[in-house]
Structure formats: C-alpha cells, structure tokens
$ cat run35.txt   # compact mmCIF, C-alpha atoms
# COMPACT_ATOMS: atom_id res chain seq x y z
CA MET A 1 90.94 58.68 81.04
CA SER A 2 90.65 55.40 82.95
CA LEU A 3 87.42 54.57 84.72
CA LYS A 4 89.27 54.40 88.03
CA LEU A 5 90.60 57.93 87.69
CA GLN A 6 87.21 59.13 86.50
CA ILE A 7 85.50 57.79 89.61
CA ILE A 8 88.14 59.24 91.93
CA LEU A 9 87.86 62.65 90.31
CA ILE A 10 84.06 62.62 90.37
CA CYS A 11 84.14 61.79 94.07
CA ALA A 12 86.74 64.48 94.79
CA PHE A 13 84.93 67.21 92.88
CA SER A 14 81.62 66.24 94.47
CA ILE A 15 83.07 66.39 97.97
CA ILE A 16 84.63 69.77 97.21
CA PHE A 17 81.31 71.01 95.88
CA VAL A 18 79.46 69.96 99.02
CA TRP A 19 82.18 71.51 101.17
CA LEU A 20 82.00 74.82 99.27
CA VAL A 21 78.25 74.96 99.63
CA THR A 22 78.40 74.29 103.36
CA ARG A 23 80.95 77.08 103.73
CA VAL A 24 78.47 79.48 102.21
CA ARG A 25 75.59 78.13 104.30
CA LYS A 26 77.57 78.58 107.47
CA ASN A 27 78.22 82.18 106.38
CA LYS A 28 81.97 81.72 106.55
CA VAL A 29 82.50 83.04 103.04
CA ASP A 30 80.51 85.49 101.01
CA VAL A 31 78.73 84.04 97.95
CA ARG A 32 80.37 86.69 95.81
CA PHE A 33 83.84 85.31 96.49
CA ILE A 34 82.96 81.62 96.52
CA LEU A 35 81.09 81.75 93.22
CA PRO A 36 84.17 81.48 90.96
CA TRP A 37 85.29 78.45 92.97
CA ILE A 38 81.90 76.78 92.60
CA VAL A 39 81.92 77.43 88.86
CA LEU A 40 85.46 76.02 88.63
CA ASP A 41 84.47 72.91 90.55
CA LEU A 42 81.28 72.33 88.58
CA VAL A 43 82.97 72.73 85.21
CA LEU A 44 85.64 70.20 86.17
CA LEU A 45 82.96 67.85 87.52
CA ILE A 46 80.92 68.02 84.31
CA LEU A 47 84.01 67.50 82.18
CA THR A 48 84.93 64.44 84.22
CA ILE A 49 81.43 62.94 84.05
CA PHE A 50 81.17 63.54 80.29
CA PRO A 51 84.69 63.05 78.95
CA GLY A 52 83.24 63.24 75.45
CA ILE A 53 83.16 67.03 75.64
CA ILE A 54 86.76 67.21 76.62
CA VAL A 55 87.88 64.70 73.99
CA TRP A 56 86.16 66.80 71.35
CA PHE A 57 87.78 69.98 72.67
CA SER A 58 91.22 68.37 72.86
CA GLY A 59 90.93 67.37 69.22
CA LEU A 60 89.87 70.89 68.32
CA LEU A 61 92.85 72.49 70.08
CA GLY A 62 95.31 69.77 69.11
CA ILE A 63 95.96 68.60 72.67
CA TYR A 64 96.78 64.89 72.68
CA SER A 65 96.01 63.79 76.20
CA VAL A 66 92.59 64.21 77.70
CA MET A 67 94.11 64.62 81.15
CA ASN A 68 96.22 67.50 79.90
CA MET A 69 93.10 69.17 78.62
CA LEU A 70 91.44 68.75 81.99
CA PHE A 71 94.43 70.30 83.76
CA PHE A 72 94.49 73.08 81.22
CA CYS A 73 90.82 73.88 81.90
CA GLY A 74 91.48 73.86 85.63
CA PHE A 75 94.45 76.13 85.20
CA CYS A 76 92.55 78.68 83.11
CA LEU A 77 89.68 78.76 85.56
CA SER A 78 92.14 79.16 88.46
CA LEU A 79 93.62 82.18 86.71
CA MET A 80 90.12 83.58 86.50
CA VAL A 81 89.65 83.10 90.21
CA ILE A 82 92.98 84.79 90.96
CA PHE A 83 92.05 87.69 88.77
CA THR A 84 88.75 88.25 90.56
CA LEU A 85 90.79 88.33 93.77
CA THR A 86 93.17 90.92 92.33
CA THR A 87 90.20 93.07 91.39
CA ALA A 88 88.69 92.67 94.84
CA VAL A 89 91.95 93.57 96.60
CA SER A 90 92.42 96.63 94.41
CA LYS A 91 88.90 97.81 95.16
CA MET A 92 89.39 97.25 98.86
CA THR A 93 92.68 99.14 98.86
CA ASN A 94 90.88 102.13 97.44
CA GLU A 95 88.08 101.84 99.95
CA ILE A 96 90.50 101.61 102.86
CA LYS A 97 92.39 104.62 101.52
CA ARG A 98 89.21 106.68 101.41
CA LEU A 99 88.20 105.56 104.90
CA THR A 100 91.63 106.42 106.29
CA GLN A 101 91.50 109.88 104.75
CA ARG A 102 87.97 110.48 106.05
CA ILE A 103 88.85 109.35 109.56
CA ALA A 104 91.97 111.53 109.60
CA ILE A 105 90.06 114.62 108.51
CA MET A 106 87.20 113.93 110.92
CA GLU A 107 89.67 113.46 113.75
CA LYS A 108 91.22 116.78 112.92
CA GLU A 109 87.87 118.53 112.85
CA SER A 110 86.86 117.14 116.22
CA GLU A 111 90.23 118.21 117.66
CA GLU A 112 89.63 121.71 116.38
CA LYS A 113 86.21 121.81 117.98
CA LYS A 114 87.67 120.68 121.27
CA ASP A 115 90.30 123.38 121.07
CA GLN A 116 87.74 126.03 120.37
CA GLY A 117 85.96 124.89 123.52
CA ASN A 118 89.11 125.30 125.59
CA ALA A 119 89.46 129.04 126.00
CA GLY A 120 93.05 130.20 125.98
CA VAL A 121 94.37 127.24 124.03
CA GLU A 122 94.72 128.58 120.55
CA LYS A 123 95.96 126.44 117.74
CA ASP A 124 97.94 127.87 114.92
CA ILE A 125 95.44 127.35 112.16
CA ARG A 126 96.33 130.57 110.42
CA LYS A 127 92.97 131.28 108.90
CA ASN A 128 94.12 134.85 108.50
CA ASN A 129 92.64 135.30 105.07
CA ARG A 130 89.05 135.52 106.11
CA MET B 1 88.94 139.70 92.57
CA ALA B 2 86.76 140.99 95.32
CA THR B 3 87.43 138.39 97.97
CA GLU B 4 90.85 137.14 99.01
CA MET B 5 91.79 133.72 97.70
CA LYS B 6 92.06 130.91 100.19
CA LYS B 7 95.48 129.36 99.78
CA LEU B 8 96.83 126.16 101.31
CA ILE B 9 100.23 124.51 101.42
CA ILE B 10 100.08 120.74 101.77
CA VAL B 11 103.14 119.17 103.38
CA PRO B 12 103.13 115.36 103.26
CA ALA B 13 105.48 113.98 105.90
CA TYR B 14 106.64 110.44 106.53
CA ASN B 15 109.37 110.15 109.15
CA GLU B 16 110.53 113.75 108.81
CA GLU B 17 111.32 114.51 112.45
CA LEU B 18 114.57 116.19 111.39
CA ASN B 19 113.01 118.54 108.87
CA ILE B 20 109.45 119.27 109.75
CA SER B 21 109.80 122.16 112.20
CA LYS B 22 112.29 123.93 109.95
CA ILE B 23 109.97 123.62 106.96
CA ILE B 24 107.00 124.98 108.88
CA LYS B 25 109.11 127.88 110.13
CA GLU B 26 110.06 128.66 106.53
CA ILE B 27 106.47 128.53 105.39
CA ARG B 28 105.41 130.89 108.14
CA GLU B 29 108.17 133.32 107.21
CA ASN B 30 108.23 133.08 103.42
CA ALA B 31 104.61 132.42 102.56
CA PRO B 32 102.64 134.45 105.07
CA GLY B 33 99.44 134.58 103.00
CA PHE B 34 99.15 130.81 102.92
CA ASP B 35 97.57 128.37 105.34
CA TYR B 36 99.35 125.09 105.63
CA VAL B 37 98.60 121.56 106.73
CA VAL B 38 101.03 118.73 107.44
CA ILE B 39 99.81 115.26 106.51
CA ASN B 40 101.55 112.85 108.86
CA ASP B 41 101.50 109.56 106.96
CA CYS B 42 101.61 107.34 110.03
CA SER B 43 105.28 108.13 110.70
CA THR B 44 107.14 105.74 112.95
CA ASP B 45 109.45 108.43 114.34
CA ARG B 46 108.64 111.56 116.37
CA THR B 47 107.04 113.54 113.53
CA LEU B 48 103.61 113.40 115.17
CA ASP B 49 104.96 114.47 118.59
CA ILE B 50 106.74 117.42 117.03
CA CYS B 51 103.60 118.49 115.16
CA ALA B 52 101.53 118.31 118.33
CA SER B 53 104.01 120.02 120.63
CA GLU B 54 104.92 122.83 118.24
CA ASN B 55 101.32 123.77 117.46
CA ILE B 56 101.66 122.77 113.85
CA ASN B 57 98.43 122.38 111.93
CA TYR B 58 98.38 118.70 111.01
CA ILE B 59 96.25 115.78 109.90
CA ASN B 60 97.27 112.40 111.23
CA LEU B 61 96.65 109.37 109.03
CA PRO B 62 95.91 106.30 111.17
CA VAL B 63 97.21 103.98 108.42
CA ASN B 64 100.23 104.50 106.17
CA LEU B 65 98.89 105.36 102.72
CA GLY B 66 102.08 106.24 100.85
CA ILE B 67 102.81 109.56 99.21
CA GLY B 68 99.84 109.47 96.81
CA GLY B 69 97.27 108.72 99.47
CA ALA B 70 98.75 111.29 101.86
CA MET B 71 98.83 113.96 99.18
CA GLN B 72 95.25 113.22 98.26
CA THR B 73 94.23 113.68 101.88
CA GLY B 74 95.59 117.22 101.58
CA TYR B 75 93.60 117.84 98.42
CA LEU B 76 90.48 116.42 100.03
CA TYR B 77 91.01 118.75 102.97
CA ALA B 78 91.56 121.68 100.61
CA TYR B 79 88.45 120.84 98.65
CA GLU B 80 86.21 120.47 101.67
CA ASN B 81 87.45 123.70 103.20
CA GLY B 82 86.89 125.65 100.01
CA TYR B 83 90.47 126.50 99.17
CA ASP B 84 91.10 128.16 95.81
CA VAL B 85 94.73 127.16 95.55
CA ALA B 86 96.76 124.29 96.98
CA VAL B 87 100.52 123.82 96.83
CA GLN B 88 102.34 120.55 97.39
CA LEU B 89 105.56 121.05 99.27
CA ASP B 90 107.52 117.97 100.28
CA GLY B 91 108.31 117.37 103.93
CA ASP B 92 111.99 116.65 103.26
CA GLY B 93 113.17 120.24 102.83
CA GLN B 94 113.86 120.11 99.07
CA HIS B 95 111.31 122.76 98.26
CA ASP B 96 111.61 126.39 99.22
CA ALA B 97 108.38 128.07 100.31
CA PHE B 98 109.84 131.26 98.88
CA TYR B 99 108.59 130.27 95.41
CA VAL B 100 104.91 129.87 96.17
CA GLU B 101 104.14 133.57 95.64
CA GLU B 102 105.76 133.37 92.20
CA MET B 103 103.79 130.22 91.42
CA LEU B 104 100.59 131.96 92.43
CA ARG B 105 101.42 134.93 90.23
CA VAL B 106 101.94 132.67 87.21
CA LEU B 107 98.80 130.67 88.01
CA LYS B 108 96.73 133.85 88.02
CA GLU B 109 98.49 135.65 85.20
CA LYS B 110 98.55 132.79 82.73
CA ASN B 111 95.20 131.55 84.02
CA VAL B 112 96.38 127.93 84.13
CA ASP B 113 95.15 125.02 86.25
CA MET B 114 98.51 123.89 87.57
CA VAL B 115 101.98 125.36 87.97
CA ILE B 116 104.97 123.04 88.40
CA GLY B 117 108.23 124.13 89.97
CA SER B 118 110.90 122.80 87.63
CA ARG B 119 114.59 122.25 88.35
CA TYR B 120 115.43 121.97 84.68
CA ILE B 121 114.45 125.30 83.19
CA ASP B 122 117.30 127.38 84.58
CA LYS B 123 119.24 124.26 85.58
CA GLU B 124 120.28 125.79 88.88
CA GLY B 125 120.63 124.27 92.32
CA PHE B 126 120.25 120.60 93.14
CA GLN B 127 119.92 118.67 89.89
CA SER B 128 119.67 115.11 91.23
CA SER B 129 121.98 112.27 90.16
CA THR B 130 122.87 111.58 86.54
CA MET B 131 120.81 108.40 86.56
CA ARG B 132 117.72 110.15 87.82
CA ARG B 133 118.17 113.01 85.41
CA ALA B 134 118.27 110.49 82.57
CA GLY B 135 115.09 108.95 83.93
CA ILE B 136 113.37 112.31 84.11
CA LYS B 137 114.48 113.17 80.56
CA TYR B 138 112.97 109.91 79.42
CA PHE B 139 109.66 110.76 81.09
CA THR B 140 109.70 114.22 79.53
CA GLY B 141 110.12 112.57 76.12
CA LEU B 142 107.42 110.00 76.78
CA ILE B 143 104.97 112.67 77.91
CA LYS B 144 105.74 114.78 74.88
CA MET B 145 105.08 111.79 72.64
CA ILE B 146 101.73 111.10 74.26
CA THR B 147 100.39 114.57 74.98
CA GLY B 148 102.46 116.78 72.70
CA LYS B 149 103.35 119.02 75.65
CA VAL B 150 106.79 119.57 77.16
CA ILE B 151 107.04 119.18 80.92
CA THR B 152 110.69 119.65 81.83
CA ASP B 153 110.32 118.27 85.36
CA PRO B 154 107.42 115.80 85.44
CA THR B 155 108.62 114.20 88.67
CA SER B 156 108.62 117.47 90.58
CA GLY B 157 106.61 117.25 93.76
CA PHE B 158 106.54 121.03 94.06
CA ARG B 159 103.31 121.98 92.36
CA MET B 160 100.45 124.41 92.71
CA ALA B 161 96.91 123.42 91.83
CA GLY B 162 93.93 125.62 91.12
CA LYS B 163 90.38 124.96 92.20
CA LYS B 164 89.49 122.64 89.33
CA VAL B 165 92.57 120.48 89.89
CA ILE B 166 91.99 120.37 93.66
CA LYS B 167 88.54 118.97 93.05
CA ARG B 168 89.84 116.43 90.60
CA PHE B 169 92.77 115.27 92.73
CA ALA B 170 90.49 114.96 95.77
CA SER B 171 88.55 112.27 93.96
CA ASP B 172 91.23 110.75 91.77
CA TYR B 173 94.96 110.60 92.51
CA PRO B 174 97.48 107.81 91.86
CA ARG B 175 98.62 105.87 94.87
CA ASP B 176 102.39 105.68 94.46
CA TYR B 177 104.82 107.77 92.42
CA PRO B 178 101.90 109.99 91.51
CA GLU B 179 103.54 113.04 89.95
CA PRO B 180 104.19 112.16 86.28
CA GLU B 181 101.01 110.12 85.98
CA SER B 182 98.77 112.82 87.39
CA VAL B 183 100.30 115.47 85.10
CA VAL B 184 99.65 113.31 82.04
CA ARG B 185 96.07 112.73 83.09
CA LEU B 186 95.55 116.46 83.49
CA LEU B 187 97.11 117.23 80.10
CA LYS B 188 95.01 114.54 78.44
CA ASP B 189 91.87 116.12 79.83
CA LYS B 190 92.83 119.52 78.46
CA TYR B 191 93.88 121.17 81.68
CA ASP B 192 96.51 123.87 81.30
CA VAL B 193 99.82 123.18 82.99
CA SER B 194 102.66 125.69 83.22
CA GLU B 195 106.16 125.51 84.69
CA ILE B 196 108.36 128.01 86.49
CA PRO B 197 112.05 127.65 87.23
CA VAL B 198 112.87 126.88 90.85
CA VAL B 199 116.01 126.00 92.73
CA MET B 200 115.72 122.88 94.82
CA ARG B 201 117.95 121.76 97.64
CA PRO B 202 119.24 118.27 98.23
CA ARG B 203 117.08 116.60 100.84
CA GLN B 204 118.16 117.69 104.28
CA GLY B 205 117.69 114.49 106.21
CA GLY B 206 115.47 111.45 106.24
CA LYS B 207 115.35 109.00 103.38
CA SER B 208 114.11 109.35 99.81
CA SER B 209 111.02 107.34 99.02
CA ILE B 210 112.75 105.93 95.94
CA SER B 211 115.52 103.46 96.75
CA ALA B 212 117.78 101.87 94.15
CA LEU B 213 115.80 98.68 94.23
CA ASN B 214 112.55 100.51 93.69
CA SER B 215 113.75 102.56 90.78
CA VAL B 216 113.18 99.78 88.26
CA TYR B 217 109.64 99.37 89.55
CA TYR B 218 109.29 103.15 89.42
CA MET B 219 110.32 103.35 85.76
CA VAL B 220 108.08 100.48 84.68
CA LYS B 221 105.09 101.51 86.73
CA VAL B 222 105.18 105.15 85.73
CA SER B 223 105.80 104.32 82.05
CA ILE B 224 102.80 102.02 81.95
CA ALA B 225 100.69 104.52 83.86
CA ILE B 226 101.61 107.30 81.44
CA ILE B 227 100.91 105.18 78.39
CA VAL B 228 97.59 103.93 79.78
CA ALA B 229 96.58 107.45 80.70
CA GLY B 230 97.46 108.53 77.18
CA VAL B 231 95.40 105.83 75.53
CA LYS B 232 92.33 106.37 77.72
$ encode --input "run35.txt" --output "structure tokens"
Amino acid sequence: MSLKLQIILICAFSIIFVWLVTRVRKNKVDVRFILPWIVLDLVLLILTIFPGIIVWFSGLLGIYSVMNMLFFCGFCLSLMVIFTLTTAVSKMTNEIKRLTQRIAIMEKESEEKKDQGNAGVEKDIRKNNR
Amino acid sequence: MATEMKKLIIVPAYNEELNISKIIKEIRENAPGFDYVVINDCSTDRTLDICASENINYINLPVNLGIGGAMQTGYLYAYENGYDVAVQLDGDGQHDAFYVEEMLRVLKEKNVDMVIGSRYIDKEGFQSSTMRRAGIKYFTGLIKMITGKVITDPTSGFRMAGKKVIKRFASDYPRDYPEPESVVRLLKDKYDVSEIPVVMRPRQGGKSSISALNSVYYMVKVSIAIIVAGVK
C-alpha cells in the first residue's frame, strides 16, 4: 500500500467514524443498528494504520495484494452488517404480525361490545353452544 | 363429556367477494353446531363490505398478513375464546362444510390432535393439475422420509385442530405456504395426525394464492422448511 493511499484511507475512515458517532449522538439512529457499522469502520481504520497486520494475514491466507485483503475484510464485515439487518427485519415482521392480529381481535371485541349496547341490533355470533 | 364442546370454523378470506356469502350460507346449513369467523386479510375488493352488510362474524386485519398470518389470527381467536376445536376452511369454496362433522367424529374417536381432509385417499372430486399432484406426491415422500408418517395430502388447507394444536398454532405458525411445514412440525413433536377422505371442488372464483411463478419458490421454501423442521 502506498503512503498516499494510506493517508487518504485513514482520513476517509476517520471522517466516517466521526459522522457515525454524531448520528448516534443526534439520536438519528439507534446504537444497536449503528454498532456493526462502527466496528466495520474501526477495523478498516486499524488495518490501514497498521498494514503489518494485514500483510501478515495476506501471507497466511495466500492473498498476494494487501489491497485485496483490505477489500476482502471490508466485504466480509459488510456481509455481517447485512445479516444483522436480515435478522432485524425478520424479527420486526413477526412483531408487526402479532400487533396486527392483536389489533384486529381487539377491534372485533370492541365492536361486539358496541353491538351489545345497541338493543335490537343483534349480530350473528352463533354462540349457540353455551 | 359433560359440557358441549366449543367448535369454531376459521375462514381466511383474501379478495373472496364472489364466494364468501355462499360459503357462510353453507356453513350455517351444513355445520350448525359450529361457530365460524371470517378473517378478512385486508382484501382490496368488497369482501369486507359483504361481511359487514350480511351480518357475518368477521375479524378484519388492518394489514395484509398472507395466509399464514391470517390463519394464525383465527387460531389466536379460538384460543382466547376457549374453543376446543377449530377447523380451517378456505374462503375460495374448495372445501365443503359438510365434512366437518365427520372430521370431528374422527378427532374424538381416534383421539388425535389434528384431522386433515385429504383429496387423495379416495381420489374423488377435484384432484388438482398433474403438476401440482406431482408436487404433492413429492412432499408426501419427503415427509415420510423425515417423520416416518404418511400424509397423503400435506398441502390440504382443510384441517381440524384440537385444543393442544390450537394453542400451539396461536403462538407459532409459518407465515406463507404454512400447511406442509406445520404438519411436519406437529409430527416431529409427537402430535397425532389423522386423515379422512374428502371431495374438494375446484375453486369457484377468485385467484389461487400460488401462481406459476411462485410455484418454484413454493417448492424450495416448503422443502427447506420441512427439512429444517425435521432436523430441529
């Protein structure tokens, strides 16, 4: 990695780090969801500051170019971030489903109460087994 | 039993304006001992209007949840209102309410947790297309491999559930294409499932939830779900 590229990357990752932290401080994003991004950014920053680590790792995995290794790390961490999102979406889908079902049943119950209040209006509920 | 059983028919309906009043009429005539509830899955047609104007007992979902979520709403309703038995009966007119008494008899007599209405025991009535039959055969084989039990019609949406299954489905039911997956999960957890022969009709209007494009997704999704449920 050339010194020029190293400096550019360090600057970029630092700016991104500061930006991420301000997002959290301004309460725009929940810490829970920003955390993977902060980890991603910090890991890339550390790897850029100390290229020795990455050179060692590249040798270990048989990757020739240090830059490739850096991209590879970024890619893997991005996948991690995407996966946490998938998990979050799946959880939310279930929560929304439950809420929808609850609201629907509550709505029905309040309708029934209203109908019981209105004498003469009888709904066909067919509770004829009791 | 000293007290009468509380019995419910759950009718999930998505855009079934053409069928819904006929189905409810049939239920009233052919299954007089049963309560029923229509789950309107946020239909975009007049299903809701028809339910309201014809005094049909319905639950209206404010958001479209798909067949699994709608069905589960019915089970949740059954569970919270203390029903002993719940029957799924599709809102498209394929299932004949006439059979629910027979299902109930088998449920009680064999003392099982679920009774499925199967098209493929007597092989009478609407048998679905060749492609779909092949798909269903494949699922039957897969389920046999994983659970050791033969379910001739695992995709049947015409099923009766006892109290234990109602409770379970109220808390845990697959979201889409739920039938085969939920049967496998029951079998894996040592619930008893039985089948009776029924005659189904071709759907009488509206659109099937499984289009040609979706069928590949259906096969893959359900296969994976069955295998995962088997491994768990």
$ closest_residue --input "run35.txt" --among "B:Pro12, B:Pro154, B:Pro62, B:Gly230" --to "chain A" --atoms "only C-alpha atoms"
B:Pro62
$ interface_residues --input "run35.txt" --of "chain B" --to "chain A" --cutoff "10 Å" --atoms "only C-alpha atoms" --output "PyMOL selection string"
chain B and resi 3-8+28+32-37+39-40+52+54-66+69-70+72-74+76-77+80+171+175
$ residues_near_point --input "run35.txt" --point "(102.2, 111.5, 91.4)" --cutoff "12 Å" --atoms "all atoms listed in the file" --output "PyMOL selection string"
chain B and resi 66-72+88+154-159+169+172-186+218+221-222+225-226
$ atom_distance --input "run35.txt" --atom1 "atom CA of B:Pro197" --atom2 "atom CA of B:Ile136"
15.7 Å
$ residues_around --input "run35.txt" --residues "B:Ile166" --least-positions-apart "6" --cutoff "8 Å" --atoms "only C-alpha atoms" --output "ChimeraX atom specification"
/B:75-76,78-79,85-86
